[in-house]
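Trainee: Contents of target03.txt (compact mmCIF, N, CA and C atoms) are given next:
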```txt
# COMPACT_ATOMS: atom_id res chain seq x y z
N MET A 1 -2.94 27.64 10.35
CA MET A 1 -3.25 26.38 9.73
C MET A 1 -3.31 25.30 10.81
N LYS A 2 -4.29 24.44 10.68
CA LYS A 2 -4.43 23.32 11.61
C LYS A 2 -3.26 22.36 11.41
N LYS A 3 -2.80 21.77 12.51
CA LYS A 3 -1.71 20.80 12.42
C LYS A 3 -2.12 19.62 11.55
N ILE A 4 -1.20 19.14 10.76
CA ILE A 4 -1.41 17.97 9.92
C ILE A 4 -0.69 16.80 10.57
N ASN A 5 -1.46 15.79 10.94
CA ASN A 5 -0.91 14.59 11.56
C ASN A 5 -1.00 13.44 10.57
N VAL A 6 0.15 12.89 10.23
CA VAL A 6 0.22 11.78 9.29
C VAL A 6 0.73 10.56 10.04
N LEU A 7 -0.03 9.49 9.97
CA LEU A 7 0.37 8.22 10.57
C LEU A 7 0.55 7.22 9.45
N ILE A 8 1.71 6.60 9.42
CA ILE A 8 2.00 5.62 8.37
C ILE A 8 2.35 4.29 9.02
N GLU A 9 1.55 3.29 8.72
CA GLU A 9 1.85 1.91 9.13
C GLU A 9 2.61 1.29 7.96
N TYR A 10 3.80 0.79 8.24
CA TYR A 10 4.64 0.30 7.15
C TYR A 10 5.31 -1.02 7.49
N CYS A 11 5.77 -1.71 6.45
CA CYS A 11 6.54 -2.94 6.66
C CYS A 11 7.99 -2.75 6.23
N PHE A 12 8.30 -1.70 5.48
CA PHE A 12 9.67 -1.42 5.05
C PHE A 12 10.03 0.01 5.45
N ALA A 13 11.00 0.15 6.36
CA ALA A 13 11.38 1.46 6.88
C ALA A 13 11.90 2.39 5.79
N SER A 14 12.60 1.85 4.81
CA SER A 14 13.15 2.72 3.76
C SER A 14 12.04 3.39 2.96
N ARG A 15 10.97 2.68 2.69
CA ARG A 15 9.82 3.28 1.98
C ARG A 15 9.16 4.35 2.84
N PHE A 16 9.05 4.08 4.14
CA PHE A 16 8.48 5.07 5.05
C PHE A 16 9.31 6.35 5.00
N ARG A 17 10.63 6.22 5.10
CA ARG A 17 11.48 7.42 5.10
C ARG A 17 11.37 8.20 3.80
N GLU A 18 11.24 7.52 2.67
CA GLU A 18 11.06 8.20 1.38
C GLU A 18 9.80 9.06 1.38
N VAL A 19 8.71 8.47 1.84
CA VAL A 19 7.43 9.20 1.87
C VAL A 19 7.49 10.31 2.90
N GLN A 20 8.10 10.04 4.05
CA GLN A 20 8.23 11.06 5.09
C GLN A 20 8.99 12.28 4.55
N ARG A 21 10.10 12.05 3.86
CA ARG A 21 10.87 13.17 3.28
C ARG A 21 10.04 13.95 2.26
N ALA A 22 9.30 13.25 1.42
CA ALA A 22 8.46 13.92 0.41
C ALA A 22 7.40 14.79 1.08
N ILE A 23 6.82 14.28 2.16
CA ILE A 23 5.80 15.06 2.88
C ILE A 23 6.44 16.30 3.51
N PHE A 24 7.57 16.13 4.21
CA PHE A 24 8.23 17.27 4.85
C PHE A 24 8.67 18.32 3.83
N LYS A 25 9.02 17.89 2.63
CA LYS A 25 9.42 18.83 1.58
C LYS A 25 8.26 19.75 1.21
N GLN A 26 7.04 19.21 1.20
CA GLN A 26 5.85 19.97 0.80
C GLN A 26 5.14 20.62 1.99
N VAL A 27 5.15 19.93 3.14
CA VAL A 27 4.46 20.42 4.34
C VAL A 27 5.42 20.29 5.53
N PRO A 28 6.35 21.25 5.67
CA PRO A 28 7.39 21.13 6.68
C PRO A 28 6.88 21.02 8.12
N ASP A 29 5.70 21.57 8.40
CA ASP A 29 5.17 21.54 9.76
C ASP A 29 4.36 20.28 10.06
N ALA A 30 4.24 19.39 9.11
CA ALA A 30 3.46 18.16 9.35
C ALA A 30 4.13 17.31 10.43
N ILE A 31 3.31 16.61 11.15
CA ILE A 31 3.80 15.62 12.11
C ILE A 31 3.62 14.27 11.43
N VAL A 32 4.73 13.60 11.17
CA VAL A 32 4.69 12.32 10.45
C VAL A 32 5.24 11.24 11.37
N ILE A 33 4.38 10.30 11.72
CA ILE A 33 4.75 9.21 12.63
C ILE A 33 4.64 7.90 11.88
N GLY A 34 5.65 7.07 12.03
CA GLY A 34 5.63 5.75 11.41
C GLY A 34 5.58 4.65 12.45
N ASN A 35 4.80 3.65 12.17
CA ASN A 35 4.71 2.47 13.03
C ASN A 35 4.92 1.23 12.18
N VAL A 36 5.81 0.36 12.65
CA VAL A 36 5.97 -0.92 11.97
C VAL A 36 4.66 -1.66 12.09
N GLY A 37 4.16 -2.15 10.97
CA GLY A 37 2.83 -2.75 10.97
C GLY A 37 2.80 -4.15 10.40
N ARG A 38 1.67 -4.46 9.85
CA ARG A 38 1.44 -5.79 9.29
C ARG A 38 2.30 -6.02 8.06
N TRP A 39 2.55 -7.29 7.75
CA TRP A 39 3.29 -7.65 6.56
C TRP A 39 2.58 -7.09 5.33
N SER A 40 3.32 -6.53 4.42
CA SER A 40 2.81 -5.95 3.17
C SER A 40 1.90 -4.75 3.40
N SER A 41 2.10 -4.05 4.51
CA SER A 41 1.26 -2.88 4.76
C SER A 41 2.02 -1.60 4.44
N PHE A 42 1.29 -0.62 3.98
CA PHE A 42 1.73 0.76 3.86
C PHE A 42 0.45 1.57 3.87
N GLU A 43 -0.03 1.84 5.07
CA GLU A 43 -1.32 2.50 5.27
C GLU A 43 -1.05 3.94 5.70
N VAL A 44 -1.60 4.89 4.98
CA VAL A 44 -1.35 6.30 5.25
C VAL A 44 -2.65 6.96 5.70
N THR A 45 -2.61 7.50 6.91
CA THR A 45 -3.76 8.17 7.49
C THR A 45 -3.38 9.62 7.78
N VAL A 46 -4.21 10.56 7.35
CA VAL A 46 -3.97 11.98 7.59
C VAL A 46 -5.14 12.53 8.39
N ASN A 47 -4.82 13.08 9.56
CA ASN A 47 -5.84 13.62 10.46
C ASN A 47 -7.00 12.64 10.64
N GLY A 48 -6.66 11.37 10.80
CA GLY A 48 -7.67 10.34 11.07
C GLY A 48 -8.35 9.75 9.85
N LYS A 49 -8.01 10.23 8.65
CA LYS A 49 -8.66 9.75 7.42
C LYS A 49 -7.66 8.92 6.62
N LEU A 50 -8.02 7.67 6.32
CA LEU A 50 -7.17 6.81 5.51
C LEU A 50 -7.14 7.33 4.07
N ILE A 51 -5.93 7.66 3.59
CA ILE A 51 -5.83 8.18 2.22
C ILE A 51 -5.15 7.19 1.28
N TYR A 52 -4.48 6.18 1.84
CA TYR A 52 -3.86 5.17 0.99
C TYR A 52 -3.72 3.87 1.76
N SER A 53 -4.01 2.76 1.10
CA SER A 53 -3.89 1.44 1.71
C SER A 53 -3.23 0.47 0.73
N MET A 54 -2.01 0.09 1.05
CA MET A 54 -1.34 -0.92 0.24
C MET A 54 -2.00 -2.28 0.43
N LEU A 55 -2.62 -2.50 1.57
CA LEU A 55 -3.34 -3.75 1.79
C LEU A 55 -4.50 -3.88 0.80
N GLU A 56 -5.08 -2.73 0.41
CA GLU A 56 -6.18 -2.74 -0.56
C GLU A 56 -5.68 -2.76 -2.01
N THR A 57 -4.61 -2.00 -2.28
CA THR A 57 -4.15 -1.85 -3.67
C THR A 57 -3.13 -2.90 -4.08
N GLY A 58 -2.39 -3.41 -3.11
CA GLY A 58 -1.33 -4.37 -3.41
C GLY A 58 -0.07 -3.72 -3.97
N GLU A 59 -0.01 -2.39 -3.98
CA GLU A 59 1.13 -1.67 -4.54
C GLU A 59 1.61 -0.59 -3.57
N PHE A 60 2.93 -0.34 -3.60
CA PHE A 60 3.45 0.78 -2.82
C PHE A 60 2.94 2.07 -3.44
N PRO A 61 2.72 3.10 -2.62
CA PRO A 61 2.23 4.37 -3.16
C PRO A 61 3.36 5.15 -3.82
N ASN A 62 2.98 6.06 -4.67
CA ASN A 62 3.91 7.03 -5.23
C ASN A 62 4.10 8.11 -4.16
N ARG A 63 5.33 8.29 -3.72
CA ARG A 63 5.58 9.22 -2.60
C ARG A 63 5.14 10.64 -2.92
N ASP A 64 5.32 11.07 -4.17
CA ASP A 64 4.93 12.44 -4.53
C ASP A 64 3.42 12.61 -4.53
N LEU A 65 2.69 11.58 -4.94
CA LEU A 65 1.22 11.65 -4.90
C LEU A 65 0.72 11.70 -3.47
N ILE A 66 1.36 10.96 -2.58
CA ILE A 66 0.98 11.01 -1.17
C ILE A 66 1.23 12.41 -0.63
N ALA A 67 2.40 12.97 -0.92
CA ALA A 67 2.72 14.32 -0.45
C ALA A 67 1.73 15.35 -1.00
N THR A 68 1.34 15.21 -2.25
CA THR A 68 0.36 16.11 -2.85
C THR A 68 -0.98 16.01 -2.14
N GLU A 69 -1.38 14.81 -1.80
CA GLU A 69 -2.65 14.62 -1.07
C GLU A 69 -2.58 15.27 0.31
N VAL A 70 -1.43 15.17 0.97
CA VAL A 70 -1.25 15.81 2.28
C VAL A 70 -1.35 17.32 2.12
N VAL A 71 -0.77 17.88 1.06
CA VAL A 71 -0.87 19.32 0.80
C VAL A 71 -2.32 19.73 0.62
N LYS A 72 -3.09 18.95 -0.15
CA LYS A 72 -4.52 19.25 -0.34
C LYS A 72 -5.25 19.31 0.99
N ILE A 73 -4.99 18.34 1.83
CA ILE A 73 -5.66 18.29 3.14
C ILE A 73 -5.22 19.48 3.99
N ALA A 74 -3.94 19.82 3.94
CA ALA A 74 -3.43 20.97 4.69
C ALA A 74 -4.11 22.26 4.22
N ASN A 75 -4.29 22.41 2.91
CA ASN A 75 -4.94 23.61 2.37
C ASN A 75 -6.41 23.67 2.74
N GLU A 76 -7.07 22.52 2.82
CA GLU A 76 -8.48 22.48 3.22
C GLU A 76 -8.64 22.92 4.67
N ASN A 77 -7.62 22.71 5.48
CA ASN A 77 -7.70 23.01 6.91
C ASN A 77 -7.25 24.41 7.26
N GLU A 78 -6.93 25.23 6.27
CA GLU A 78 -6.49 26.61 6.57
C GLU A 78 -7.63 27.46 7.04
```
Starting from the file, lay out its structure as structure tokens.

Mentor:
Amino acid sequence: MKKINVLIEYCFASRFREVQRAIFKQVPDAIVIGNVGRWSSFEVTVNGKLIYSMLETGEFPNRDLIATEVVKIANENE
């Protein structure tokens, strides 16, 4: 399986850690990197593709839905 690289730009570390744990639970081999970003940001990019933008939606993502999307991408890359 191709490596899954997840980059999360966040403004609240606790939210980042919640999503990071959810991803690791579903895709233990994923590489999940967090960067403190812009105010009100929670931008999730997987293998270079933006899959969620709080700047666009105005809402924090559901951590389980993000993890499910990462699983889909991981399965596509097998």

Trainee: Looking at A:Leu50, A:Ala22, A:Lys2, A:Glu9, which one is nearest to Ala67 (chain A), with distances taken over only C-alpha atoms?

Mentor: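 Checking each candidate against Ala67 (chain A), we get A:Ala22 as the closest.
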
Trainee: Fewer than 5 positions away in the same chain doesn't count, so skip those; otherwise give me all residues within 9 Å of Ile8 (chain A), counting only C-alpha atoms, as number ranges by chain.

Mentor: A: 16, 20, 32-37, 42-46

Trainee: Looking at only C-alpha atoms, which of A:Leu65, A:Ala74, A:Val19, A:Ile4 is the one that sits closest to Gly48 (chain A)?

Mentor: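 Closest to Gly48 (chain A), using only C-alpha atoms: A:Ile4.
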
Trainee: Hey, which of A:Lys49, A:Gln26, A:Ser40, A:Met54 ends up closest to Val71 (chain A)? Count only N, CA and C atoms.

Mentor: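 Closest residue, counting only N, CA and C atoms: A:Gln26.
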
Trainee: Please give the complete set of residues from chain A that DSSP, run on the backbone, assigns to helix (DSSP H, G or I), formatted as a PDB file with N, CA and C atoms, keeping the file's coordinate frame.

Mentor:
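The resulting file, out03.pdb, is shown below:
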```
ATOM      1  N   ALA A  13      11.000   0.150   6.360  1.00  0.00           N
ATOM      2  CA  ALA A  13      11.380   1.460   6.880  1.00  0.00           C
ATOM      3  C   ALA A  13      11.900   2.390   5.790  1.00  0.00           C
ATOM      4  N   SER A  14      12.600   1.850   4.810  1.00  0.00           N
ATOM      5  CA  SER A  14      13.150   2.720   3.760  1.00  0.00           C
ATOM      6  C   SER A  14      12.040   3.390   2.960  1.00  0.00           C
ATOM      7  N   ARG A  15      10.970   2.680   2.690  1.00  0.00           N
ATOM      8  CA  ARG A  15       9.820   3.280   1.980  1.00  0.00           C
ATOM      9  C   ARG A  15       9.160   4.350   2.840  1.00  0.00           C
ATOM     10  N   PHE A  16       9.050   4.080   4.140  1.00  0.00           N
ATOM     11  CA  PHE A  16       8.480   5.070   5.050  1.00  0.00           C
ATOM     12  C   PHE A  16       9.310   6.350   5.000  1.00  0.00           C
ATOM     13  N   ARG A  17      10.630   6.220   5.100  1.00  0.00           N
ATOM     14  CA  ARG A  17      11.480   7.420   5.100  1.00  0.00           C
ATOM     15  C   ARG A  17      11.370   8.200   3.800  1.00  0.00           C
ATOM     16  N   GLU A  18      11.240   7.520   2.670  1.00  0.00           N
ATOM     17  CA  GLU A  18      11.060   8.200   1.380  1.00  0.00           C
ATOM     18  C   GLU A  18       9.800   9.060   1.380  1.00  0.00           C
ATOM     19  N   VAL A  19       8.710   8.470   1.840  1.00  0.00           N
ATOM     20  CA  VAL A  19       7.430   9.200   1.870  1.00  0.00           C
ATOM     21  C   VAL A  19       7.490  10.310   2.900  1.00  0.00           C
ATOM     22  N   GLN A  20       8.100  10.040   4.050  1.00  0.00           N
ATOM     23  CA  GLN A  20       8.230  11.060   5.090  1.00  0.00           C
ATOM     24  C   GLN A  20       8.990  12.280   4.550  1.00  0.00           C
ATOM     25  N   ARG A  21      10.100  12.050   3.860  1.00  0.00           N
ATOM     26  CA  ARG A  21      10.870  13.170   3.280  1.00  0.00           C
ATOM     27  C   ARG A  21      10.040  13.950   2.260  1.00  0.00           C
ATOM     28  N   ALA A  22       9.300  13.250   1.420  1.00  0.00           N
ATOM     29  CA  ALA A  22       8.460  13.920   0.410  1.00  0.00           C
ATOM     30  C   ALA A  22       7.400  14.790   1.080  1.00  0.00           C
ATOM     31  N   ILE A  23       6.820  14.280   2.160  1.00  0.00           N
ATOM     32  CA  ILE A  23       5.800  15.060   2.880  1.00  0.00           C
ATOM     33  C   ILE A  23       6.440  16.300   3.510  1.00  0.00           C
ATOM     34  N   PHE A  24       7.570  16.130   4.210  1.00  0.00           N
ATOM     35  CA  PHE A  24       8.230  17.270   4.850  1.00  0.00           C
ATOM     36  C   PHE A  24       8.670  18.320   3.830  1.00  0.00           C
ATOM     37  N   LYS A  25       9.020  17.890   2.630  1.00  0.00           N
ATOM     38  CA  LYS A  25       9.420  18.830   1.580  1.00  0.00           C
ATOM     39  C   LYS A  25       8.260  19.750   1.210  1.00  0.00           C
ATOM     40  N   GLN A  26       7.040  19.210   1.200  1.00  0.00           N
ATOM     41  CA  GLN A  26       5.850  19.970   0.800  1.00  0.00           C
ATOM     42  C   GLN A  26       5.140  20.620   1.990  1.00  0.00           C
ATOM     43  N   MET A  54      -2.010   0.090   1.050  1.00  0.00           N
ATOM     44  CA  MET A  54      -1.340  -0.920   0.240  1.00  0.00           C
ATOM     45  C   MET A  54      -2.000  -2.280   0.430  1.00  0.00           C
ATOM     46  N   LEU A  55      -2.620  -2.500   1.570  1.00  0.00           N
ATOM     47  CA  LEU A  55      -3.340  -3.750   1.790  1.00  0.00           C
ATOM     48  C   LEU A  55      -4.500  -3.880   0.800  1.00  0.00           C
ATOM     49  N   GLU A  56      -5.080  -2.730   0.410  1.00  0.00           N
ATOM     50  CA  GLU A  56      -6.180  -2.740  -0.560  1.00  0.00           C
ATOM     51  C   GLU A  56      -5.680  -2.760  -2.010  1.00  0.00           C
ATOM     52  N   THR A  57      -4.610  -2.000  -2.280  1.00  0.00           N
ATOM     53  CA  THR A  57      -4.150  -1.850  -3.670  1.00  0.00           C
ATOM     54  C   THR A  57      -3.130  -2.900  -4.080  1.00  0.00           C
ATOM     55  N   ARG A  63       5.330   8.290  -3.720  1.00  0.00           N
ATOM     56  CA  ARG A  63       5.580   9.220  -2.600  1.00  0.00           C
ATOM     57  C   ARG A  63       5.140  10.640  -2.920  1.00  0.00           C
ATOM     58  N   ASP A  64       5.320  11.070  -4.170  1.00  0.00           N
ATOM     59  CA  ASP A  64       4.930  12.440  -4.530  1.00  0.00           C
ATOM     60  C   ASP A  64       3.420  12.610  -4.530  1.00  0.00           C
ATOM     61  N   LEU A  65       2.690  11.580  -4.940  1.00  0.00           N
ATOM     62  CA  LEU A  65       1.220  11.650  -4.900  1.00  0.00           C
ATOM     63  C   LEU A  65       0.720  11.700  -3.470  1.00  0.00           C
ATOM     64  N   ILE A  66       1.360  10.960  -2.580  1.00  0.00           N
ATOM     65  CA  ILE A  66       0.980  11.010  -1.170  1.00  0.00           C
ATOM     66  C   ILE A  66       1.230  12.410  -0.630  1.00  0.00           C
ATOM     67  N   ALA A  67       2.400  12.970  -0.920  1.00  0.00           N
ATOM     68  CA  ALA A  67       2.720  14.320  -0.450  1.00  0.00           C
ATOM     69  C   ALA A  67       1.730  15.350  -1.000  1.00  0.00           C
ATOM     70  N   THR A  68       1.340  15.210  -2.250  1.00  0.00           N
ATOM     71  CA  THR A  68       0.360  16.110  -2.850  1.00  0.00           C
ATOM     72  C   THR A  68      -0.980  16.010  -2.140  1.00  0.00           C
ATOM     73  N   GLU A  69      -1.380  14.810  -1.800  1.00  0.00           N
ATOM     74  CA  GLU A  69      -2.650  14.620  -1.070  1.00  0.00           C
ATOM     75  C   GLU A  69      -2.580  15.270   0.310  1.00  0.00           C
ATOM     76  N   VAL A  70      -1.430  15.170   0.970  1.00  0.00           N
ATOM     77  CA  VAL A  70      -1.250  15.810   2.280  1.00  0.00           C
ATOM     78  C   VAL A  70      -1.350  17.320   2.120  1.00  0.00           C
ATOM     79  N   VAL A  71      -0.770  17.880   1.060  1.00  0.00           N
ATOM     80  CA  VAL A  71      -0.870  19.320   0.800  1.00  0.00           C
ATOM     81  C   VAL A  71      -2.320  19.730   0.620  1.00  0.00           C
ATOM     82  N   LYS A  72      -3.090  18.950  -0.150  1.00  0.00           N
ATOM     83  CA  LYS A  72      -4.520  19.250  -0.340  1.00  0.00           C
ATOM     84  C   LYS A  72      -5.250  19.310   0.990  1.00  0.00           C
ATOM     85  N   ILE A  73      -4.990  18.340   1.830  1.00  0.00           N
ATOM     86  CA  ILE A  73      -5.660  18.290   3.140  1.00  0.00           C
ATOM     87  C   ILE A  73      -5.220  19.480   3.990  1.00  0.00           C
ATOM     88  N   ALA A  74      -3.940  19.820   3.940  1.00  0.00           N
ATOM     89  CA  ALA A  74      -3.430  20.970   4.690  1.00  0.00           C
ATOM     90  C   ALA A  74      -4.110  22.260   4.220  1.00  0.00           C
ATOM     91  N   ASN A  75      -4.290  22.410   2.910  1.00  0.00           N
ATOM     92  CA  ASN A  75      -4.940  23.610   2.370  1.00  0.00           C
ATOM     93  C   ASN A  75      -6.410  23.670   2.740  1.00  0.00           C
ATOM     94  N   GLU A  76      -7.070  22.520   2.820  1.00  0.00           N
ATOM     95  CA  GLU A  76      -8.480  22.480   3.220  1.00  0.00           C
ATOM     96  C   GLU A  76      -8.640  22.920   4.670  1.00  0.00           C
TER      97      GLU A  76
END
```

Trainee: Have a look at A:Thr57, A:Ile51, A:Arg17, A:Phe12 and name the one nearest to Glu69 (chain A); count all atoms listed in the file.

Mentor: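 Residue with the minimum atom-to-atom distance to Glu69 (chain A): A:Ile51.
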
Trainee: If you run DSSP on the backbone, which residues of chain A are strand (DSSP E or B), as a PyMOL selection string?

Mentor: chain A and resi 5-10+31-36+42-46+49-53

Trainee: Enter the distance from CA of Asn5 (chain A) to CA of Val27 (chain A), in Å, rounded to one decimal.

Mentor: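 CA of Asn5 (chain A) sits 10.7 Å away from CA of Val27 (chain A).
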
Trainee: Considering only C-alpha atoms, state which residue in the set A:Arg15, A:Lys3, A:Arg38, A:Lys25 is at the smallest distance from Ile73 (chain A).

Mentor: A:Lys3

Trainee: How many Å separate atom C of Lys72 (chain A) from CA of Asn47 (chain A)?

Mentor: 11.1 Å

Trainee: For region 16-30 of chain A of the block above, can you save N, CA and C atoms as a tab-separated table (two decimals), in the first residue's frame?

Mentor:
```tsv
chain	number	residue	atom	x	y	z
A	16	PHE	N	-6.87	18.87	16.63
A	16	PHE	CA	-5.91	18.15	15.79
A	16	PHE	C	-5.65	16.77	16.37
A	17	ARG	N	-5.37	16.70	17.67
A	17	ARG	CA	-5.06	15.41	18.30
A	17	ARG	C	-6.24	14.44	18.21
A	18	GLU	N	-7.47	14.94	18.34
A	18	GLU	CA	-8.65	14.08	18.21
A	18	GLU	C	-8.72	13.44	16.83
A	19	VAL	N	-8.52	14.26	15.81
A	19	VAL	CA	-8.58	13.75	14.43
A	19	VAL	C	-7.40	12.83	14.17
A	20	GLN	N	-6.23	13.19	14.66
A	20	GLN	CA	-5.04	12.36	14.49
A	20	GLN	C	-5.27	10.97	15.07
A	21	ARG	N	-5.81	10.90	16.28
A	21	ARG	CA	-6.09	9.59	16.91
A	21	ARG	C	-7.11	8.79	16.09
A	22	ALA	N	-8.14	9.45	15.60
A	22	ALA	CA	-9.16	8.75	14.79
A	22	ALA	C	-8.54	8.18	13.52
A	23	ILE	N	-7.65	8.95	12.90
A	23	ILE	CA	-6.98	8.46	11.68
A	23	ILE	C	-6.09	7.27	12.01
A	24	PHE	N	-5.26	7.38	13.05
A	24	PHE	CA	-4.36	6.28	13.42
A	24	PHE	C	-5.14	5.02	13.79
A	25	LYS	N	-6.32	5.18	14.36
A	25	LYS	CA	-7.15	4.02	14.71
A	25	LYS	C	-7.55	3.24	13.46
A	26	GLN	N	-7.83	3.95	12.37
A	26	GLN	CA	-8.28	3.32	11.13
A	26	GLN	C	-7.13	3.00	10.17
A	27	VAL	N	-6.11	3.87	10.16
A	27	VAL	CA	-4.97	3.70	9.24
A	27	VAL	C	-3.69	3.88	10.06
A	28	PRO	N	-3.27	2.83	10.78
A	28	PRO	CA	-2.13	2.95	11.69
A	28	PRO	C	-0.82	3.39	11.04
A	29	ASP	N	-0.65	3.08	9.75
A	29	ASP	CA	0.60	3.42	9.07
A	29	ASP	C	0.59	4.82	8.46
A	30	ALA	N	-0.49	5.55	8.62
A	30	ALA	CA	-0.56	6.90	8.05
A	30	ALA	C	0.47	7.81	8.72
```
